[in-house]
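Listing of upload_30.tsv; format and content: TSV, C-alpha atoms.
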```tsv
chain	number	residue	atom	x	y	z
A	1	MET	CA	42.79	83.31	31.43
A	2	ALA	CA	39.54	81.79	32.75
A	3	ALA	CA	41.50	78.84	34.08
A	4	THR	CA	43.41	81.02	36.52
A	5	ALA	CA	40.26	82.30	38.19
A	6	THR	CA	38.78	78.84	38.37
A	7	LEU	CA	41.96	77.51	39.93
A	8	ALA	CA	42.05	80.20	42.58
A	9	ALA	CA	38.49	79.38	43.59
A	10	ALA	CA	39.16	75.66	43.69
A	11	LEU	CA	42.39	75.61	45.67
A	12	PRO	CA	41.10	75.96	49.26
A	13	ALA	CA	38.81	72.94	49.04
A	14	ALA	CA	41.29	70.83	47.10
A	15	ALA	CA	44.11	71.55	49.54
A	16	ALA	CA	42.32	69.97	52.51
A	17	PRO	CA	44.45	67.22	54.09
A	18	ALA	CA	43.58	63.72	53.02
A	19	ASP	CA	43.15	62.57	56.61
A	20	ALA	CA	41.37	65.67	57.91
A	21	GLY	CA	38.88	63.65	59.94
A	22	ALA	CA	41.49	61.47	61.58
A	23	ALA	CA	42.56	64.18	64.02
A	24	SER	CA	39.10	64.17	65.60
A	25	GLY	CA	39.01	60.38	65.75
A	26	GLN	CA	36.59	60.01	62.85
A	27	ALA	CA	38.30	57.06	61.20
A	28	GLN	CA	35.56	56.78	58.62
A	29	HIS	CA	36.78	60.04	57.08
A	30	ARG	CA	40.31	58.84	56.50
A	31	ALA	CA	41.36	58.46	52.89
A	32	VAL	CA	41.44	55.00	51.42
A	33	ILE	CA	43.86	56.13	48.71
A	34	PRO	CA	46.78	58.03	50.25
A	35	ASP	CA	48.15	61.13	48.55
A	36	SER	CA	51.36	59.19	47.87
A	37	LYS	CA	49.44	57.01	45.40
A	38	ILE	CA	47.56	59.82	43.63
A	39	SER	CA	49.03	61.40	40.51
A	40	VAL	CA	47.85	63.52	37.60
A	41	GLN	CA	48.62	63.13	33.90
A	42	LEU	CA	50.15	66.35	32.60
A	43	PHE	CA	48.61	65.70	29.19
A	44	ASN	CA	45.59	67.41	30.80
A	45	PHE	CA	47.48	70.70	30.30
A	46	PHE	CA	48.86	70.02	26.82
A	47	TYR	CA	47.09	72.87	25.05
A	48	TYR	CA	47.16	75.21	28.05
A	49	ILE	CA	50.96	75.04	28.25
A	50	GLY	CA	51.40	74.83	24.50
A	51	PHE	CA	54.18	73.28	22.46
A	52	GLY	CA	56.79	76.02	22.51
A	53	GLN	CA	60.11	76.11	24.29
A	54	ASP	CA	60.14	79.84	24.90
A	55	ALA	CA	59.99	81.68	28.22
A	56	ALA	CA	56.20	82.01	28.05
A	57	ALA	CA	55.68	78.25	27.64
A	58	GLN	CA	58.17	77.53	30.40
A	59	GLY	CA	56.31	79.99	32.61
A	60	ARG	CA	52.98	78.24	32.01
A	61	GLN	CA	54.63	74.88	32.73
A	62	ALA	CA	55.98	76.22	36.02
A	63	GLN	CA	52.56	77.72	36.85
A	64	VAL	CA	50.82	74.38	36.29
A	65	LEU	CA	53.25	72.48	38.53
A	66	SER	CA	53.04	75.11	41.25
A	67	ALA	CA	49.24	75.09	41.14
A	68	LEU	CA	49.01	71.30	41.30
A	69	SER	CA	51.35	71.25	44.27
A	70	ASP	CA	49.37	73.98	46.05
A	71	ALA	CA	46.19	71.96	45.43
A	72	GLY	CA	47.67	68.97	47.22
A	73	TYR	CA	49.11	66.77	44.49
A	74	ARG	CA	52.36	65.06	45.41
A	75	ASN	CA	52.90	63.27	42.09
A	76	VAL	CA	52.63	64.14	38.42
A	77	GLU	CA	52.92	61.99	35.29
A	78	PRO	CA	54.90	63.98	32.70
A	79	VAL	CA	55.11	63.45	28.96
A	80	ASP	CA	58.29	64.24	27.07
A	81	TYR	CA	56.74	65.05	23.68
A	82	THR	CA	57.53	68.75	24.03
A	83	GLY	CA	60.89	68.20	25.70
A	84	PHE	CA	59.74	69.72	29.00
A	85	GLN	CA	59.27	73.00	27.09
A	86	GLY	CA	62.99	73.18	26.41
A	87	LEU	CA	64.25	72.34	29.89
A	88	SER	CA	66.90	69.69	30.34
A	89	ALA	CA	66.01	66.65	32.44
A	90	GLN	CA	68.10	68.13	35.27
A	91	GLU	CA	66.29	71.48	35.04
A	92	TYR	CA	62.90	69.75	34.97
A	93	ARG	CA	63.82	67.67	38.02
A	94	ALA	CA	64.79	70.88	39.82
A	95	LEU	CA	61.38	72.35	38.93
A	96	LEU	CA	59.65	69.26	40.34
A	97	ASP	CA	61.75	69.45	43.50
A	98	LYS	CA	60.99	73.14	43.91
A	99	ASN	CA	57.29	72.29	43.91
A	100	HIS	CA	57.67	69.23	46.15
A	101	LEU	CA	56.47	66.95	43.37
A	102	LYS	CA	57.61	63.52	42.24
A	103	ALA	CA	57.34	62.02	38.77
A	104	SER	CA	55.22	58.91	39.17
A	105	ALA	CA	56.00	57.82	35.60
A	106	LEU	CA	57.19	59.19	32.28
A	107	HIS	CA	55.23	58.89	29.04
A	108	THR	CA	57.43	58.82	25.97
A	109	SER	CA	57.37	57.47	22.40
A	110	VAL	CA	58.26	53.87	21.57
A	111	SER	CA	58.00	52.18	18.18
A	112	MET	CA	59.56	49.28	16.33
A	113	ALA	CA	62.09	51.81	15.04
A	114	THR	CA	63.29	52.82	18.53
A	115	THR	CA	66.90	51.74	18.97
A	116	ASP	CA	68.61	50.51	22.12
A	117	ALA	CA	70.72	53.68	22.17
A	118	GLU	CA	67.61	55.87	21.96
A	119	TRP	CA	65.93	53.84	24.70
A	120	ALA	CA	69.00	54.13	26.94
A	121	GLN	CA	68.75	57.89	26.57
A	122	LYS	CA	65.06	57.83	27.52
A	123	LEU	CA	65.92	55.72	30.57
A	124	GLU	CA	68.52	58.28	31.58
A	125	THR	CA	65.85	61.00	31.36
A	126	ALA	CA	63.45	58.96	33.50
A	127	LYS	CA	66.17	58.28	36.04
A	128	THR	CA	67.13	61.94	36.20
A	129	ILE	CA	63.60	63.18	36.84
A	130	GLY	CA	63.02	60.39	39.36
A	131	ALA	CA	60.37	58.40	37.48
A	132	LYS	CA	60.06	54.75	38.52
A	133	TYR	CA	57.93	53.83	35.48
A	134	ILE	CA	58.41	54.65	31.80
A	135	GLY	CA	56.59	53.64	28.67
A	136	ALA	CA	54.91	54.71	25.48
A	137	GLY	CA	51.95	57.03	25.80
A	138	ALA	CA	50.31	54.84	23.14
A	139	ASP	CA	51.11	51.56	21.42
A	140	PRO	CA	51.20	51.54	17.61
A	141	ARG	CA	47.79	51.51	15.91
A	142	THR	CA	49.05	50.34	12.54
A	143	PHE	CA	49.55	46.65	13.32
A	144	THR	CA	47.23	44.35	11.41
A	145	THR	CA	48.61	40.91	12.28
A	146	PRO	CA	49.31	39.04	15.52
A	147	GLU	CA	52.90	38.57	14.39
A	148	GLU	CA	53.43	42.33	14.47
A	149	TRP	CA	52.11	42.49	18.02
A	150	VAL	CA	54.34	39.60	19.07
A	151	ALA	CA	57.38	41.38	17.63
A	152	PHE	CA	56.43	44.56	19.47
A	153	ALA	CA	55.93	42.62	22.70
A	154	GLN	CA	59.37	41.09	22.36
A	155	LYS	CA	60.86	44.52	21.74
A	156	ILE	CA	59.29	46.13	24.80
A	157	ASP	CA	60.19	43.12	26.93
A	158	HIS	CA	63.80	43.75	25.92
A	159	PHE	CA	63.38	47.44	26.75
A	160	GLY	CA	61.85	46.38	30.06
A	161	ALA	CA	64.92	44.30	30.87
A	162	MET	CA	67.10	47.32	30.10
A	163	ALA	CA	64.90	49.48	32.34
A	164	ARG	CA	65.03	46.96	35.19
A	165	GLN	CA	68.81	47.19	35.20
A	166	GLN	CA	68.39	50.90	35.95
A	167	GLY	CA	65.82	50.33	38.70
A	168	ILE	CA	62.96	51.46	36.44
A	169	GLN	CA	59.87	49.56	35.29
A	170	TYR	CA	58.53	49.51	31.73
A	171	MET	CA	54.80	50.20	31.57
A	172	VAL	CA	52.35	49.80	28.69
A	173	HIS	CA	49.63	52.44	28.62
A	174	LEU	CA	46.54	50.78	27.20
A	175	HIS	CA	43.92	52.43	25.00
A	176	ASN	CA	40.97	50.75	23.27
A	177	TRP	CA	42.70	49.22	20.27
A	178	GLU	CA	44.67	46.68	22.29
A	179	PHE	CA	41.29	45.15	23.18
A	180	THR	CA	39.50	45.65	19.86
A	181	SER	CA	42.36	44.30	17.71
A	182	VAL	CA	41.27	40.65	17.75
A	183	TYR	CA	42.99	37.73	16.05
A	184	GLY	CA	41.11	34.47	16.46
A	185	ASP	CA	40.60	33.97	20.17
A	186	GLN	CA	43.20	36.54	21.25
A	187	ASN	CA	43.29	40.30	21.34
A	188	ALA	CA	46.42	42.42	21.21
A	189	PHE	CA	46.41	42.95	24.97
A	190	GLN	CA	46.57	39.21	25.59
A	191	ILE	CA	49.39	38.91	23.06
A	192	LEU	CA	51.33	41.60	24.94
A	193	VAL	CA	50.72	39.81	28.25
A	194	ASP	CA	51.73	36.41	26.90
A	195	ASN	CA	54.89	37.64	25.21
A	196	THR	CA	56.32	39.80	27.97
A	197	SER	CA	57.66	38.95	31.39
A	198	ALA	CA	55.95	40.28	34.52
A	199	LYS	CA	59.34	41.35	35.85
A	200	ASN	CA	60.01	43.43	32.72
A	201	VAL	CA	56.62	44.86	31.72
A	202	VAL	CA	53.58	46.09	33.64
A	203	PHE	CA	50.42	47.79	32.40
A	204	GLU	CA	48.75	51.13	32.99
A	205	LEU	CA	45.04	50.51	32.47
A	206	ASP	CA	43.04	53.49	31.25
A	207	LEU	CA	39.59	52.90	32.71
A	208	TYR	CA	37.83	55.07	30.13
A	209	TRP	CA	39.42	53.39	27.13
A	210	ALA	CA	38.88	49.90	28.50
A	211	THR	CA	35.21	50.72	29.03
A	212	ALA	CA	34.98	52.27	25.55
A	213	ALA	CA	36.43	49.06	24.10
A	214	GLY	CA	33.56	47.10	25.61
A	215	VAL	CA	35.61	45.15	28.13
A	216	ASP	CA	34.99	45.06	31.88
A	217	PRO	CA	37.77	46.91	33.73
A	218	LEU	CA	36.71	45.24	36.98
A	219	ALA	CA	37.38	41.84	35.44
A	220	LEU	CA	40.69	43.05	34.02
A	221	VAL	CA	42.07	44.24	37.38
A	222	ASP	CA	40.96	40.94	38.88
A	223	ASP	CA	42.37	38.68	36.16
A	224	TYR	CA	45.62	40.61	35.71
A	225	SER	CA	46.32	41.81	39.23
A	226	ASP	CA	49.94	40.75	38.85
A	227	ARG	CA	50.44	42.87	35.72
A	228	ILE	CA	48.36	46.05	36.18
A	229	ALA	CA	50.30	48.48	38.37
A	230	LEU	CA	48.84	51.85	37.42
A	231	LEU	CA	45.36	53.11	36.60
A	232	HIS	CA	44.40	56.10	34.49
A	233	VAL	CA	41.32	57.34	36.27
A	234	LYS	CA	39.29	58.85	33.45
A	235	ASP	CA	35.49	58.96	33.40
A	236	MET	CA	32.85	58.36	30.72
A	237	ALA	CA	29.75	60.51	30.21
A	238	GLN	CA	26.36	59.03	29.32
A	239	ASP	CA	27.00	59.78	25.65
A	240	GLY	CA	30.32	57.93	25.69
A	241	SER	CA	32.53	61.01	25.71
A	242	ILE	CA	35.26	61.76	28.25
A	243	THR	CA	34.13	63.70	31.29
A	244	THR	CA	35.49	64.85	34.65
A	245	VAL	CA	36.29	62.10	37.12
A	246	GLY	CA	33.31	61.48	39.39
A	247	GLU	CA	30.77	63.00	37.01
A	248	GLY	CA	30.37	60.02	34.70
A	249	THR	CA	29.18	56.44	34.63
A	250	ILE	CA	32.27	54.41	35.59
A	251	ASP	CA	32.03	52.76	39.01
A	252	PHE	CA	35.57	53.51	40.15
A	253	GLY	CA	34.97	52.35	43.72
A	254	ALA	CA	34.08	48.82	42.61
A	255	ILE	CA	37.12	48.67	40.32
A	256	PHE	CA	39.45	49.95	43.02
A	257	ALA	CA	38.07	47.45	45.51
A	258	GLU	CA	38.64	44.58	43.09
A	259	ALA	CA	42.17	45.79	42.32
A	260	GLY	CA	43.05	45.72	45.99
A	261	HIS	CA	46.35	47.12	47.17
A	262	GLY	CA	48.34	46.21	44.08
A	263	ILE	CA	47.88	49.57	42.34
A	264	ARG	CA	50.89	51.82	42.75
A	265	TYR	CA	49.41	54.98	41.23
A	266	TYR	CA	45.90	56.25	40.52
A	267	VAL	CA	46.44	58.87	37.81
A	268	VAL	CA	43.77	61.51	37.16
A	269	GLU	CA	43.26	62.27	33.50
A	270	ARG	CA	40.85	64.19	31.35
A	271	ASP	CA	41.97	64.61	27.76
A	272	PRO	CA	42.32	68.31	26.95
A	273	ALA	CA	40.34	70.29	24.41
A	274	ASN	CA	42.11	72.47	21.87
A	275	ASP	CA	39.93	75.39	22.86
A	276	PRO	CA	41.12	78.59	24.59
A	277	SER	CA	38.00	78.59	26.77
A	278	TYR	CA	38.67	75.09	28.09
A	279	ASP	CA	39.81	75.02	31.73
A	280	PRO	CA	42.11	72.06	32.45
A	281	PHE	CA	42.54	72.94	36.12
A	282	GLY	CA	38.96	72.26	37.16
A	283	PRO	CA	38.86	68.58	36.09
A	284	SER	CA	42.34	67.94	37.49
A	285	LEU	CA	41.46	69.30	40.92
A	286	ALA	CA	38.05	67.60	40.88
A	287	GLY	CA	39.84	64.31	40.24
A	288	LEU	CA	42.07	64.86	43.26
A	289	ASP	CA	39.03	65.57	45.43
A	290	TYR	CA	37.30	62.46	44.13
A	291	LEU	CA	40.23	60.14	44.84
A	292	ARG	CA	40.63	61.58	48.30
A	293	ASP	CA	36.95	61.04	49.07
A	294	VAL	CA	36.21	57.74	47.33
A	295	ARG	CA	35.47	54.79	49.63
A	296	PHE	CA	35.63	51.15	48.67
```

Spit out the file's structure as structure tokens when you get a sec.
Amino acid sequence: MAATATLAAALPAAAAPADAGAASGQAQHRAVIPDSKISVQLFNFFYYIGFGQDAAAQGRQAQVLSALSDAGYRNVEPVDYTGFQGLSAQEYRALLDKNHLKASALHTSVSMATTDAEWAQKLETAKTIGAKYIGAGADPRTFTTPEEWVAFAQKIDHFGAMARQQGIQYMVHLHNWEFTSVYGDQNAFQILVDNTSAKNVVFELDLYWATAAGVDPLALVDDYSDRIALLHVKDMAQDGSITTVGEGTIDFGAIFAEAGHGIRYYVVERDPANDPSYDPFGPSLAGLDYLRDVRF
């Protein structure tokens, strides 16, 4: 596939050590964001890997993880929607270990219908693959009242308490609708903040979706520095569409500077296209290069 050729061409540059200049005493070339804090959302490869659980899909999954490791990634952010292409949590952890990768977090599905027993099983999966954070890839979009958001907040706070007992942290991945769902003087995001405990629930702020919602991500990381622990580093083109990190209009450096040292993971993401000609490797490796080079 075209992606394979692109990847081969990109690997040498992407694999350069993050502190390459440090050996020659050029401190100004040292990375501000260490590799240990950089991750990549595996949703980038959703269509490339596919949704099957056959040997071919498992082979593409293994290829992606191997390529990301060779490029210099040390962390990945998996999603469990396809069941790791049919691998058990133990088998998937072995695949991560083989490629010297850690799971920075696990995206899963959470709804008002999720039971404690189902959540306990998801926590066991996260624990097995080594993820320190777990949460829904997206909050429900069907809520129309603040009461529904309050009930959801109380539910995930309970799930967060269960997670904390296992040494895992519940995270809320934010999109645009948490900011655009407004009830009087509060939006859904504020309702989630107010009705969850900081020890039980943290947030993963998607910088593209926050920008698309018309809110200032710089202000958010400043105002909620005690709650935002992860950033989805996703860029916006001039026309408002998603583009490769570093090629768009979002001033990541300013946001990172405002966030300070409280961010645990900077996660590269570019939503995939359901198009056989689309190359998911290029944007993922470009994002790694950007985060290694960005100064703030």

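Nearest residue to A:Phe203, choosing from A:His173, A:Arg164, A:Lys98, A:His232 and counting all atoms listed in the file: A:His173.
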
Report, as AutoDock Vina command-line options, the centre and edge lengths in Å (one decimal) of the axis-aligned box enclosing every listed atom of stretch 162-172 of chain A, padded by 4 Å on each side.
```
--center_x 60.6 --center_y 49.2 --center_z 33.7 --size_x 24.5 --size_y 12.5 --size_z 18.0
```

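The coordinates place atom CA of A:Trp177 at 22.0 Å from atom CA of A:Tyr133.
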
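Checking A:Arg264, A:Lys102, A:Arg270, A:Arg141 one by one against A:Thr180, counting all atoms listed in the file, you find the shortest gap at A:Arg141.
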
Please provide the set of residues having any atom within 12 Å of stretch 184-188 of chain A, restricted to all atoms listed in the file, with same-chain residues fewer than 2 positions apart removed, written as an mmCIF file with C-alpha atoms, in the frame of the given file.
```
data_model
loop_
_atom_site.group_PDB
_atom_site.id
_atom_site.type_symbol
_atom_site.label_atom_id
_atom_site.label_comp_id
_atom_site.auth_asym_id
_atom_site.auth_seq_id
_atom_site.Cartn_x
_atom_site.Cartn_y
_atom_site.Cartn_z
ATOM 1 C CA ASP A 139 51.110 51.560 21.420
ATOM 2 C CA PRO A 140 51.200 51.540 17.610
ATOM 3 C CA ARG A 141 47.790 51.510 15.910
ATOM 4 C CA PHE A 143 49.550 46.650 13.320
ATOM 5 C CA THR A 144 47.230 44.350 11.410
ATOM 6 C CA THR A 145 48.610 40.910 12.280
ATOM 7 C CA PRO A 146 49.310 39.040 15.520
ATOM 8 C CA GLU A 147 52.900 38.570 14.390
ATOM 9 C CA GLU A 148 53.430 42.330 14.470
ATOM 10 C CA TRP A 149 52.110 42.490 18.020
ATOM 11 C CA VAL A 150 54.340 39.600 19.070
ATOM 12 C CA ALA A 151 57.380 41.380 17.630
ATOM 13 C CA PHE A 152 56.430 44.560 19.470
ATOM 14 C CA ALA A 153 55.930 42.620 22.700
ATOM 15 C CA LEU A 174 46.540 50.780 27.200
ATOM 16 C CA HIS A 175 43.920 52.430 25.000
ATOM 17 C CA ASN A 176 40.970 50.750 23.270
ATOM 18 C CA TRP A 177 42.700 49.220 20.270
ATOM 19 C CA GLU A 178 44.670 46.680 22.290
ATOM 20 C CA PHE A 179 41.290 45.150 23.180
ATOM 21 C CA THR A 180 39.500 45.650 19.860
ATOM 22 C CA SER A 181 42.360 44.300 17.710
ATOM 23 C CA VAL A 182 41.270 40.650 17.750
ATOM 24 C CA GLN A 190 46.570 39.210 25.590
ATOM 25 C CA ILE A 191 49.390 38.910 23.060
ATOM 26 C CA LEU A 192 51.330 41.600 24.940
ATOM 27 C CA VAL A 193 50.720 39.810 28.250
ATOM 28 C CA ASP A 194 51.730 36.410 26.900
ATOM 29 C CA ASN A 195 54.890 37.640 25.210
ATOM 30 C CA ALA A 213 36.430 49.060 24.100
ATOM 31 C CA VAL A 215 35.610 45.150 28.130
#
```
